[in-house]
Structures are given as structure tokens and as C-alpha cells.
>>> print(open('start-v9.cif').read())   # mmCIF, C-alpha atoms
data_my_file
#
loop_
_atom_site.group_PDB
_atom_site.id
_atom_site.type_symbol
_atom_site.label_atom_id
_atom_site.label_comp_id
_atom_site.auth_asym_id
_atom_site.auth_seq_id
_atom_site.Cartn_x
_atom_site.Cartn_y
_atom_site.Cartn_z
ATOM 1 C CA MET A 26 5.278 12.000 -53.371
ATOM 2 C CA ARG A 27 7.700 14.811 -52.545
ATOM 3 C CA ARG A 28 7.306 14.269 -48.795
ATOM 4 C CA TRP A 29 7.812 10.494 -49.120
ATOM 5 C CA TRP A 30 10.981 10.972 -51.146
ATOM 6 C CA ARG A 31 12.355 13.546 -48.707
ATOM 7 C CA ASP A 32 11.677 11.216 -45.759
ATOM 8 C CA LEU A 33 13.544 8.405 -47.490
ATOM 9 C CA THR A 34 16.558 10.396 -48.628
ATOM 10 C CA ASP A 35 16.882 12.141 -45.257
ATOM 11 C CA LEU A 36 16.952 8.819 -43.433
ATOM 12 C CA VAL A 37 19.313 7.032 -45.821
ATOM 13 C CA LEU A 38 21.641 9.864 -46.819
ATOM 14 C CA PRO A 39 22.028 12.368 -43.971
ATOM 15 C CA THR A 40 24.158 15.225 -45.291
ATOM 16 C CA GLU A 41 25.276 17.026 -42.154
ATOM 17 C CA CYS A 42 24.933 17.218 -38.381
ATOM 18 C CA GLY A 43 21.795 19.146 -37.449
ATOM 19 C CA GLY A 44 23.644 20.929 -34.652
ATOM 20 C CA CYS A 45 27.037 21.943 -36.033
ATOM 21 C CA GLY A 46 27.019 20.988 -39.720
ATOM 22 C CA ARG A 47 29.615 18.225 -39.506
ATOM 23 C CA PRO A 48 29.219 16.114 -42.683
ATOM 24 C CA ARG A 49 27.800 12.605 -42.945
ATOM 25 C CA THR A 50 26.098 12.371 -39.564
ATOM 26 C CA VAL A 51 22.603 13.051 -38.266
ATOM 27 C CA LEU A 52 23.840 14.406 -34.935
ATOM 28 C CA CYS A 53 27.482 14.312 -33.934
ATOM 29 C CA PRO A 54 28.513 13.127 -30.430
ATOM 30 C CA ARG A 55 29.124 16.665 -29.171
ATOM 31 C CA CYS A 56 25.731 17.933 -30.303
ATOM 32 C CA ARG A 57 23.976 14.831 -29.013
ATOM 33 C CA ALA A 58 25.592 15.401 -25.620
ATOM 34 C CA ALA A 59 24.256 18.962 -25.602
ATOM 35 C CA LEU A 60 20.769 17.637 -26.317
ATOM 36 C CA ASP A 61 20.863 14.696 -23.891
ATOM 37 C CA ARG A 62 21.205 16.514 -20.605
ATOM 38 C CA ALA A 63 21.689 14.225 -17.594
ATOM 39 C CA ALA A 64 18.737 15.762 -15.782
ATOM 40 C CA PRO A 65 15.933 17.569 -17.639
ATOM 41 C CA GLY A 66 14.590 20.348 -15.457
ATOM 42 C CA ARG A 67 11.572 22.414 -14.528
ATOM 43 C CA VAL A 68 11.299 25.633 -16.502
ATOM 44 C CA ARG A 69 9.144 28.664 -15.876
ATOM 45 C CA PRO A 70 8.855 31.845 -17.953
ATOM 46 C CA ASP A 71 8.823 35.247 -16.318
ATOM 47 C CA PRO A 72 6.082 36.318 -16.193
ATOM 48 C CA ALA A 73 4.314 32.955 -16.171
ATOM 49 C CA PRO A 74 0.836 33.005 -17.754
ATOM 50 C CA ARG A 75 -2.047 32.114 -15.494
ATOM 51 C CA GLY A 76 -3.107 28.522 -16.171
ATOM 52 C CA LEU A 77 0.314 27.345 -17.357
ATOM 53 C CA PRO A 78 0.898 23.759 -16.125
ATOM 54 C CA PRO A 79 4.306 22.727 -14.749
ATOM 55 C CA VAL A 80 6.726 22.600 -17.691
ATOM 56 C CA HIS A 81 9.860 20.460 -17.970
ATOM 57 C CA ALA A 82 12.512 20.864 -20.656
ATOM 58 C CA ALA A 83 15.275 18.574 -21.837
ATOM 59 C CA ALA A 84 17.875 21.227 -22.664
ATOM 60 C CA PRO A 85 18.497 24.984 -22.896
ATOM 61 C CA TYR A 86 17.568 26.577 -26.208
ATOM 62 C CA ALA A 87 21.023 27.638 -27.333
ATOM 63 C CA ASP A 88 23.846 26.757 -29.702
ATOM 64 C CA GLU A 89 23.676 23.154 -30.992
ATOM 65 C CA VAL A 90 20.207 22.482 -29.538
ATOM 66 C CA ARG A 91 18.760 25.565 -31.199
ATOM 67 C CA ALA A 92 20.397 24.623 -34.502
ATOM 68 C CA ALA A 93 19.038 21.058 -34.350
ATOM 69 C CA LEU A 94 15.474 22.211 -33.627
ATOM 70 C CA LEU A 95 15.571 24.718 -36.486
ATOM 71 C CA ALA A 96 17.056 22.153 -38.869
ATOM 72 C CA HIS A 97 14.239 19.735 -38.080
ATOM 73 C CA LYS A 98 11.455 22.307 -38.185
ATOM 74 C CA GLU A 99 12.466 24.668 -40.970
ATOM 75 C CA ARG A 100 14.886 22.694 -43.151
ATOM 76 C CA GLY A 101 13.121 19.334 -43.030
ATOM 77 C CA ALA A 102 15.958 17.349 -41.423
ATOM 78 C CA LEU A 103 13.487 14.590 -40.546
ATOM 79 C CA SER A 104 16.104 12.162 -39.255
ATOM 80 C CA LEU A 105 16.510 14.486 -36.249
ATOM 81 C CA ALA A 106 13.047 13.474 -35.010
ATOM 82 C CA GLY A 107 14.587 10.423 -33.321
ATOM 83 C CA PRO A 108 17.116 12.186 -31.059
ATOM 84 C CA LEU A 109 14.744 15.111 -30.472
ATOM 85 C CA GLY A 110 11.991 12.665 -29.511
ATOM 86 C CA ALA A 111 14.338 10.879 -27.109
ATOM 87 C CA ALA A 112 15.127 14.213 -25.465
ATOM 88 C CA LEU A 113 11.415 15.029 -25.218
ATOM 89 C CA ALA A 114 10.785 11.633 -23.613
ATOM 90 C CA GLY A 115 13.311 12.563 -20.924
ATOM 91 C CA ALA A 116 11.418 15.783 -20.224
ATOM 92 C CA VAL A 117 8.147 13.806 -19.991
ATOM 93 C CA ARG A 118 9.709 11.451 -17.428
ATOM 94 C CA SER A 119 10.989 14.442 -15.478
ATOM 95 C CA GLY A 120 7.511 15.965 -15.357
ATOM 96 C CA LEU A 121 5.905 12.709 -14.262
ATOM 97 C CA ARG A 122 8.472 12.196 -11.515
ATOM 98 C CA ALA A 123 7.865 15.694 -10.201
ATOM 99 C CA ALA A 124 4.084 15.136 -10.266
ATOM 100 C CA GLY A 125 4.330 12.114 -7.989
ATOM 101 C CA SER A 126 1.742 9.368 -7.608
ATOM 102 C CA ARG A 127 -1.388 11.105 -6.315
ATOM 103 C CA ASP A 128 -3.818 8.856 -8.138
ATOM 104 C CA PRO A 129 -3.306 5.082 -7.952
ATOM 105 C CA VAL A 130 -4.485 2.981 -10.857
ATOM 106 C CA ARG A 131 -7.936 1.460 -10.703
ATOM 107 C CA GLY A 132 -8.520 -1.536 -12.940
ATOM 108 C CA GLY A 133 -5.419 -1.529 -15.082
ATOM 109 C CA ILE A 134 -2.552 0.496 -16.477
ATOM 110 C CA ARG A 135 -3.401 3.734 -18.249
ATOM 111 C CA PRO A 136 -1.157 5.157 -20.948
ATOM 112 C CA VAL A 137 0.376 8.584 -20.696
ATOM 113 C CA LEU A 138 -1.266 10.702 -23.387
ATOM 114 C CA LEU A 139 1.127 13.012 -25.221
ATOM 115 C CA VAL A 140 -0.882 15.870 -26.736
ATOM 116 C CA PRO A 141 1.139 17.979 -29.203
ATOM 117 C CA VAL A 142 0.568 21.718 -29.478
ATOM 118 C CA PRO A 143 -0.647 22.143 -33.083
ATOM 119 C CA SER A 144 1.042 24.245 -35.723
ATOM 120 C CA ALA A 145 -0.943 26.450 -38.071
ATOM 121 C CA ARG A 146 -2.148 24.577 -41.158
ATOM 122 C CA GLY A 147 -0.345 27.018 -43.427
ATOM 123 C CA ALA A 148 2.942 26.406 -41.613
ATOM 124 C CA VAL A 149 2.512 22.637 -41.901
ATOM 125 C CA ARG A 150 1.834 22.934 -45.625
ATOM 126 C CA ALA A 151 4.832 25.207 -46.145
ATOM 127 C CA ARG A 152 7.189 22.911 -44.211
ATOM 128 C CA GLY A 153 5.773 19.706 -45.639
ATOM 129 C CA HIS A 154 5.507 18.127 -42.201
ATOM 130 C CA ASP A 155 4.274 18.758 -38.655
ATOM 131 C CA PRO A 156 7.475 18.921 -36.574
ATOM 132 C CA VAL A 157 5.895 18.751 -33.110
ATOM 133 C CA ARG A 158 3.697 15.798 -34.005
ATOM 134 C CA ARG A 159 6.694 13.977 -35.480
ATOM 135 C CA ILE A 160 8.771 14.550 -32.338
ATOM 136 C CA ALA A 161 5.837 13.523 -30.112
ATOM 137 C CA LEU A 162 5.457 10.223 -31.977
ATOM 138 C CA ALA A 163 9.177 9.539 -31.534
ATOM 139 C CA ALA A 164 8.926 10.383 -27.815
ATOM 140 C CA ALA A 165 5.955 8.040 -27.321
ATOM 141 C CA GLY A 166 7.917 5.232 -28.958
ATOM 142 C CA GLU A 167 10.905 5.922 -26.714
ATOM 143 C CA LEU A 168 8.711 5.849 -23.603
ATOM 144 C CA ARG A 169 7.097 2.556 -24.625
ATOM 145 C CA ARG A 170 10.505 0.979 -25.196
ATOM 146 C CA SER A 171 11.481 1.972 -21.661
ATOM 147 C CA GLY A 172 8.381 0.255 -20.220
ATOM 148 C CA LEU A 173 6.101 3.273 -19.823
ATOM 149 C CA PRO A 174 2.798 2.968 -21.765
ATOM 150 C CA ALA A 175 2.392 6.102 -23.876
ATOM 151 C CA ARG A 176 0.509 7.219 -26.957
ATOM 152 C CA THR A 177 0.192 10.403 -28.967
ATOM 153 C CA LEU A 178 -3.196 12.103 -29.283
ATOM 154 C CA THR A 179 -3.293 14.808 -31.954
ATOM 155 C CA VAL A 180 -6.652 16.131 -30.824
ATOM 156 C CA LEU A 181 -5.927 19.868 -30.793
ATOM 157 C CA ARG A 182 -6.623 22.130 -33.758
ATOM 158 C CA GLN A 183 -6.497 25.848 -34.401
ATOM 159 C CA ARG A 184 -10.028 27.250 -34.534
ATOM 160 C CA ARG A 185 -8.995 30.615 -35.965
ATOM 161 C CA ALA A 186 -6.019 32.311 -37.551
ATOM 162 C CA VAL A 187 -3.420 33.822 -35.259
ATOM 163 C CA ALA A 188 -0.777 36.452 -35.931
ATOM 164 C CA ASP A 189 2.917 35.661 -36.299
ATOM 165 C CA GLN A 190 4.264 35.634 -32.751
ATOM 166 C CA SER A 191 7.938 36.230 -33.438
ATOM 167 C CA ALA A 192 7.697 39.974 -32.718
ATOM 168 C CA LEU A 193 5.144 39.750 -29.898
ATOM 169 C CA GLY A 194 5.805 40.048 -26.176
ATOM 170 C CA SER A 195 4.469 37.757 -23.458
ATOM 171 C CA ARG A 196 1.128 39.488 -22.889
ATOM 172 C CA GLN A 197 0.643 40.063 -26.623
ATOM 173 C CA ARG A 198 1.181 36.360 -27.287
ATOM 174 C CA GLN A 199 -1.362 35.430 -24.633
ATOM 175 C CA ALA A 200 -3.935 37.753 -26.199
ATOM 176 C CA ASN A 201 -3.098 36.480 -29.677
ATOM 177 C CA LEU A 202 -3.664 32.843 -28.687
ATOM 178 C CA ALA A 203 -6.570 33.219 -26.248
ATOM 179 C CA GLY A 204 -9.344 30.888 -27.389
ATOM 180 C CA ALA A 205 -7.428 29.920 -30.544
ATOM 181 C CA LEU A 206 -7.388 26.145 -29.933
ATOM 182 C CA ARG A 207 -10.097 23.517 -29.743
ATOM 183 C CA THR A 208 -10.286 19.741 -29.670
ATOM 184 C CA VAL A 209 -11.484 17.727 -32.638
ATOM 185 C CA PRO A 210 -15.005 16.253 -32.438
ATOM 186 C CA GLY A 211 -14.859 13.246 -30.146
ATOM 187 C CA GLY A 212 -11.528 14.340 -28.695
ATOM 188 C CA GLY A 213 -12.828 14.865 -25.149
ATOM 189 C CA PRO A 214 -13.593 11.192 -24.409
ATOM 190 C CA LEU A 215 -10.202 10.162 -25.814
ATOM 191 C CA LEU A 216 -8.513 12.461 -23.306
ATOM 192 C CA LEU A 217 -10.188 10.552 -20.453
ATOM 193 C CA GLU A 218 -8.124 7.457 -21.221
ATOM 194 C CA GLY A 219 -5.045 8.547 -19.268
ATOM 195 C CA PRO A 220 -3.097 11.427 -17.717
ATOM 196 C CA VAL A 221 -2.291 14.174 -20.222
ATOM 197 C CA VAL A 222 1.142 15.622 -20.911
ATOM 198 C CA LEU A 223 1.179 18.562 -23.326
ATOM 199 C CA VAL A 224 4.235 18.518 -25.587
ATOM 200 C CA ASP A 225 5.966 21.052 -27.812
ATOM 201 C CA ASP A 226 9.415 21.502 -29.279
ATOM 202 C CA LEU A 227 10.092 24.860 -27.619
ATOM 203 C CA MET A 228 8.718 27.010 -24.810
ATOM 204 C CA THR A 229 9.444 30.739 -24.713
ATOM 205 C CA THR A 230 6.662 32.735 -23.003
ATOM 206 C CA GLY A 231 4.429 29.727 -22.243
ATOM 207 C CA ALA A 232 1.457 31.229 -24.111
ATOM 208 C CA SER A 233 0.994 28.252 -26.473
ATOM 209 C CA LEU A 234 1.104 25.682 -23.677
ATOM 210 C CA THR A 235 -1.305 27.742 -21.582
ATOM 211 C CA GLU A 236 -3.847 27.889 -24.418
ATOM 212 C CA ALA A 237 -3.394 24.169 -25.103
ATOM 213 C CA ALA A 238 -4.039 23.416 -21.419
ATOM 214 C CA ARG A 239 -7.195 25.528 -21.486
ATOM 215 C CA ALA A 240 -8.523 23.733 -24.564
ATOM 216 C CA VAL A 241 -7.807 20.283 -23.092
ATOM 217 C CA ARG A 242 -9.343 21.116 -19.728
ATOM 218 C CA SER A 243 -12.447 22.510 -21.407
ATOM 219 C CA ALA A 244 -12.875 19.366 -23.537
ATOM 220 C CA VAL A 245 -12.323 17.068 -20.557
ATOM 221 C CA TYR A 246 -14.776 19.035 -18.439
ATOM 222 C CA THR A 247 -17.450 18.749 -21.133
ATOM 223 C CA ALA A 248 -16.759 15.028 -21.581
ATOM 224 C CA ARG A 249 -17.094 14.433 -17.847
ATOM 225 C CA VAL A 250 -20.336 16.383 -17.679
ATOM 226 C CA ARG A 251 -21.793 14.341 -20.522
ATOM 227 C CA GLU A 252 -20.526 11.130 -18.979
ATOM 228 C CA GLY A 253 -22.187 12.069 -15.699
ATOM 229 C CA MET A 254 -25.436 12.880 -17.468
ATOM 230 C CA GLU A 255 -25.481 9.473 -19.138
ATOM 231 C CA GLU A 256 -24.892 7.754 -15.804
ATOM 232 C CA ARG A 257 -27.800 9.654 -14.245
ATOM 233 C CA LYS A 258 -30.434 8.781 -16.857
ATOM 234 C CA PRO A 259 -33.428 8.698 -16.699
ATOM 235 C CA VAL A 260 -33.031 11.414 -14.076
ATOM 236 C CA THR A 261 -33.779 14.892 -15.454
ATOM 237 C CA ARG A 262 -30.780 15.981 -17.487
ATOM 238 C CA ARG A 263 -28.855 19.026 -16.352
ATOM 239 C CA LYS A 264 -27.576 21.682 -18.675
ATOM 240 C CA GLU A 265 -23.861 21.651 -19.325
ATOM 241 C CA GLY A 266 -23.674 25.110 -17.851
ATOM 242 C CA ASN A 267 -24.698 23.621 -14.495
ATOM 243 C CA PRO A 268 -21.625 21.529 -13.757
ATOM 244 C CA LEU A 269 -21.785 18.108 -12.183
ATOM 245 C CA TYR A 270 -18.173 18.519 -11.086
ATOM 246 C CA GLY A 271 -17.058 21.390 -8.886
ATOM 247 C CA THR A 272 -13.967 23.383 -9.721
ATOM 248 C CA SER A 273 -12.054 22.102 -6.700
ATOM 249 C CA GLU A 274 -12.963 18.499 -7.527
ATOM 250 C CA LEU A 275 -11.591 18.879 -11.047
ATOM 251 C CA ALA A 276 -8.451 20.586 -9.812
ATOM 252 C CA ASP A 277 -7.666 17.789 -7.347
ATOM 253 C CA ALA A 278 -8.586 14.846 -9.565
ATOM 254 C CA GLY A 279 -5.061 14.138 -10.798
ATOM 255 C CA GLY A 280 -6.239 11.255 -12.947
ATOM 256 C CA SER A 281 -7.353 10.384 -16.451
ATOM 257 C CA GLY A 282 -7.921 13.454 -18.580
ATOM 258 C CA ASP A 283 -6.075 15.808 -16.262
ATOM 259 C CA VAL A 284 -3.216 17.917 -17.577
ATOM 260 C CA ILE A 285 -0.411 16.619 -15.372
ATOM 261 C CA CYS A 286 2.371 18.718 -16.867
ATOM 262 C CA ALA A 287 3.912 19.920 -20.101
ATOM 263 C CA ALA A 288 7.186 18.794 -21.653
ATOM 264 C CA VAL A 289 9.359 20.460 -24.294
ATOM 265 C CA VAL A 290 12.661 19.737 -25.955
ATOM 266 C CA ALA A 291 14.107 23.140 -25.117
ATOM 267 C CA ALA A 292 13.482 26.400 -23.275
ATOM 268 C CA PRO A 293 15.470 29.618 -22.744
ATOM 269 C CA PRO A 294 18.465 29.015 -20.442
ATOM 270 C CA ASP A 295 17.297 31.609 -17.901
ATOM 271 C CA SER A 296 13.933 29.841 -17.472
ATOM 272 C CA PHE A 297 15.410 26.746 -15.785
ATOM 273 C CA GLU A 298 14.613 26.530 -12.087
ATOM 274 C CA ILE A 299 17.116 25.227 -9.569
ATOM 275 C CA ASP A 300 15.441 22.751 -7.247
ATOM 276 C CA GLY A 301 15.599 19.161 -6.126
ATOM 277 C CA THR A 302 12.494 17.851 -7.807
ATOM 278 C CA ASP A 303 14.383 15.727 -10.304
ATOM 279 C CA SER A 304 17.127 14.395 -8.090
ATOM 280 C CA GLY A 305 15.052 11.590 -6.544
ATOM 281 C CA ASP A 306 14.751 7.928 -7.399
ATOM 282 C CA ALA A 307 14.108 7.520 -11.124
ATOM 283 C CA SER A 308 11.849 4.540 -10.462
ATOM 284 C CA LEU A 309 9.257 6.668 -8.669
ATOM 285 C CA GLN A 310 5.758 5.456 -9.486
ATOM 286 C CA VAL A 311 3.530 7.919 -11.315
ATOM 287 C CA MET A 312 -0.120 8.364 -12.138
ATOM 288 C CA THR A 313 -0.044 5.599 -14.714
ATOM 289 C CA GLY A 314 0.308 2.961 -11.995
ATOM 290 C CA SER A 315 3.098 0.639 -10.934
ATOM 291 C CA ILE A 316 5.439 1.503 -13.762
ATOM 292 C CA HIS A 317 9.126 2.189 -13.284
ATOM 293 C CA LEU A 318 10.519 5.125 -15.205
ATOM 294 C CA ASP A 319 13.936 3.486 -15.312
ATOM 295 C CA GLY A 320 12.700 0.862 -17.762
ATOM 296 C CA GLY A 321 11.497 -1.744 -15.255
ATOM 297 C CA THR A 322 8.514 -3.922 -16.027
ATOM 298 C CA PRO A 323 4.952 -3.052 -14.942
ATOM 299 C CA ARG A 324 3.624 -4.788 -11.855
#
>>> encode(input="start-v9.cif", output="C-alpha cells")
Amino acid sequence: MRRWWRDLTDLVLPTECGGCGRPRTVLCPRCRAALDRAAPGRVRPDPAPRGLPPVHAAAPYADEVRAALLAHKERGALSLAGPLGAALAGAVRSGLRAAGSRDPVRGGIRPVLLVPVPSARGAVRARGHDPVRRIALAAAGELRRSGLPARTLTVLRQRRAVADQSALGSRQRQANLAGALRTVPGGGPLLLEGPVVLVDDLMTTGASLTEAARAVRSAVYTARVREGMEERKPVTRRKEGNPLYGTSELADAGGSGDVICAAVVAAPPDSFEIDGTDSGDASLQVMTGSIHLDGGTPR
């Protein structure tokens, strides 16, 4: 009841701008401009954890953007999910453009699968909502409205408690999160339905996204092994430890179930790379098939 009432009052009666505190607006024009960068970019922490997929961010984590993310996450400003989700959708498009079109569609259009990095259950209970999931749902809706099939898969869960990371360095965060995530039962086959984009609200050291990528790849690998075993019946079944897919084959697949990239709303300003990967034609076709990222219709 409390969560429902807070959702309603936050949507109908916004009290102040989530970025600067200006009254009677969800996000003022200046703060929205800071969030809606013209060109989301590739970001990379230093040092970058081994196994971290390419990460794209919508905006630097500073000033109004930082304030808006904290207002949504910690103060329950739920009406900010819309603009934050739109920014995340831009980072997803940026990542897909950079990935290119290595794997043409076979037999139809596959949706982009947005997989949120999960928060600890205690944090979700304390906040009264799951901020990353909420932003991911808004981003998926924004992508669909622009003509890009997308859906949110909340298949990751924490399998054990982890320490508070606020005071931990890069290597300490990696050790803290190693093996901490798993997919829900039946999550592996769901991940085979399209290319995977990991999503989060913020990237700092990249440890959370690296662990999420490991958990997804492990679940997809197991699902593919089982799928291959079913196809080979009644041939003698192989143990899952004896893979049907080689490491290089999995790495080069670039299709359904593969972690194509990660996308976040914000990242530290010094993590943005300067390159030309996002300056090309916005209608570049991606792994999902003949779909234009500029809002054109599927072919």
C-alpha cells in the first residue's frame, strides 16, 4: 500500500527537480540537457576487470546527473525513471551501433534483452523499489517506441551476501562480487531469445557488470549444452563438463544469448573514451536484424 501511494503521489505531484531542486518539476530543462547528451560514449574503468564487456554510458556521473540518480535511487523520486530510462536507451543504442551487425537474423526479428544488474534484497526492501529494474523497464519501452524490439529480463539474483562496496577499491570489489550472482531457474533458455545487453544505473570500477556478464555467460553456456544434448538424443549423453561448444565458438557467436555490451546511465567523467565509434550513421543495422536505430520500421 505504501509503495502504491508513493508511486501515485510522485507521478501526480512532483515536488522538485531531481537534479537541482527547482520546485514543481520532475527534471528542469537544464538538468534534462545534462542527462540527454547528444552522443552517449564508450566508457572504460582503469584498471578494467578481466571479462568486462564493452560499456556505454549516457552521461558523466557529476552534478545534476549524479543528483538525479541519487534522488531516484535513495529518495524514491520514481517519476525520474522516465528520463533516466530514456538516457539508458540512448546508451543501449550506442552500444549496439558500436557492436555492428556480425550476426544476421535467421527466421525473424529477435528482441534486445536488457538484463538489469540486481540490487541486494535488503537494499530493495529498504528503498521500497528496485531502481535499476525500474529504469530498465523504462528504457525497454523507449526502445520499442523507436522501433527497436526490446524486453527486460530480470533473471539475475544474488546467491550470497556481499559487503558494502562504498569503501572498497577496484580489486576489492572484484573479490567481493566474484561468484555472487546467478540466474533464476529457467533463466538460461530465456537468455537465448536475443542478444543480451547488461544494464545498470552507474558504473564505477566495472566489478558489478563483470560479475553479471560471468553469470549470464555461464547460464547461456549451460543452456546451449543442454540444448545440444537434447538434439543429439538418443546418442549417448555427454556430461556438462565436456562441452559441446568450444570456447572460441562461444566467443565468436555474436548472436542470441551473447553478452553484446553493457549500458549505464552514468559513469565517472574520466572513464569516457575518445573515439569515433559513435559518430557513424545512426541507422546502422545491429544483431537484431534489419532494424533502424533512428526509429525506422523493421524490414
>>> closest_residue(input="start-v9.cif", among="A:Arg176, A:Arg198, A:His81, A:Arg159", to="Leu109 of chain A", atoms="all atoms listed in the file")
A:Arg159
>>> residues_near_point(input="start-v9.cif", point="(14.2, 24.2, -41.0)", cutoff="12 Å", atoms="only C-alpha atoms", output="JSON, numbers by chain")
{"A": [43, 44, 91, 92, 93, 94, 95, 96, 97, 98, 99, 100, 101, 102, 103, 105, 148, 149, 151, 152, 153, 154, 155, 156]}
>>> resolve_selection(input="start-v9.cif", expression="the PyMOL selection byres ((chain A and resi 242) around 10)", output="number ranges by chain")
A: 213, 216, 221, 236-241, 243-248, 275-276, 282-284
>>> closest_residue(input="start-v9.cif", among="A:Pro79, A:Arg57, A:Thr229, A:Gly66", to="Leu193 of chain A", atoms="all atoms listed in the file")
A:Thr229
>>> axis_aligned_box(input="start-v9.cif", around="segment 214-221 of chain A", padding_each_side="4 Å", output="lines of an AutoDock Vina configuration file")
center_x = -7.9
center_y = 10.8
center_z = -21.8
size_x = 19.3
size_y = 14.7
size_z = 16.1
>>> closest_residue(input="start-v9.cif", among="A:Met254, A:Val51, A:Cys56, A:Ala116", to="Val80 of chain A", atoms="all atoms listed in the file")
A:Ala116
>>> closest_residue(input="start-v9.cif", among="A:Leu60, A:Ala232, A:Glu167, A:Cys286", to="Leu121 of chain A", atoms="all atoms listed in the file")
A:Cys286
>>> atom_distance(input="start-v9.cif", atom1="atom CA of Ala291 of chain A", atom2="atom CA of Pro65 of chain A")
9.5 Å
>>> residues_around(input="start-v9.cif", residues="Ala73 of chain A", least_positions_apart="6", cutoff="12 Å", atoms="only C-alpha atoms", output="PyMOL selection string")
chain A and resi 79-80+195-196+199+228-235+296
>>> atom_distance(input="start-v9.cif", atom1="atom CA of Ala145 of chain A", atom2="atom CA of Ala186 of chain A")
7.8 Å
>>> atom_distance(input="start-v9.cif", atom1="atom CA of Arg67 of chain A", atom2="atom CA of Gly120 of chain A")
7.7 Å
>>> residues_around(input="start-v9.cif", residues="Ala164 of chain A", least_positions_apart="4", cutoff="8 Å", atoms="all atoms listed in the file", output="list in words")
Gly107, Leu109, Gly110, Ala111, Ala112, Leu113, Ala114, Ile160 and Leu168 of chain A
>>> closest_residue(input="start-v9.cif", among="A:Pro136, A:Pro294, A:Arg207, A:Glu89", to="Pro54 of chain A", atoms="all atoms listed in the file")
A:Glu89
>>> closest_residue(input="start-v9.cif", among="A:Val222, A:Val68, A:Val290, A:Leu181", to="Ala106 of chain A", atoms="only C-alpha atoms")
A:Val290
>>> resolve_selection(input="start-v9.cif", expression="the PyMOL selection byres ((chain A and resi 224-226) around 7)", output="list in words")
Leu139, Val140, Pro141, Val142, Val157, Ala161, Val222, Leu223, Leu227, Ala287, Ala288, Val289, Val290 and Ala291 of chain A
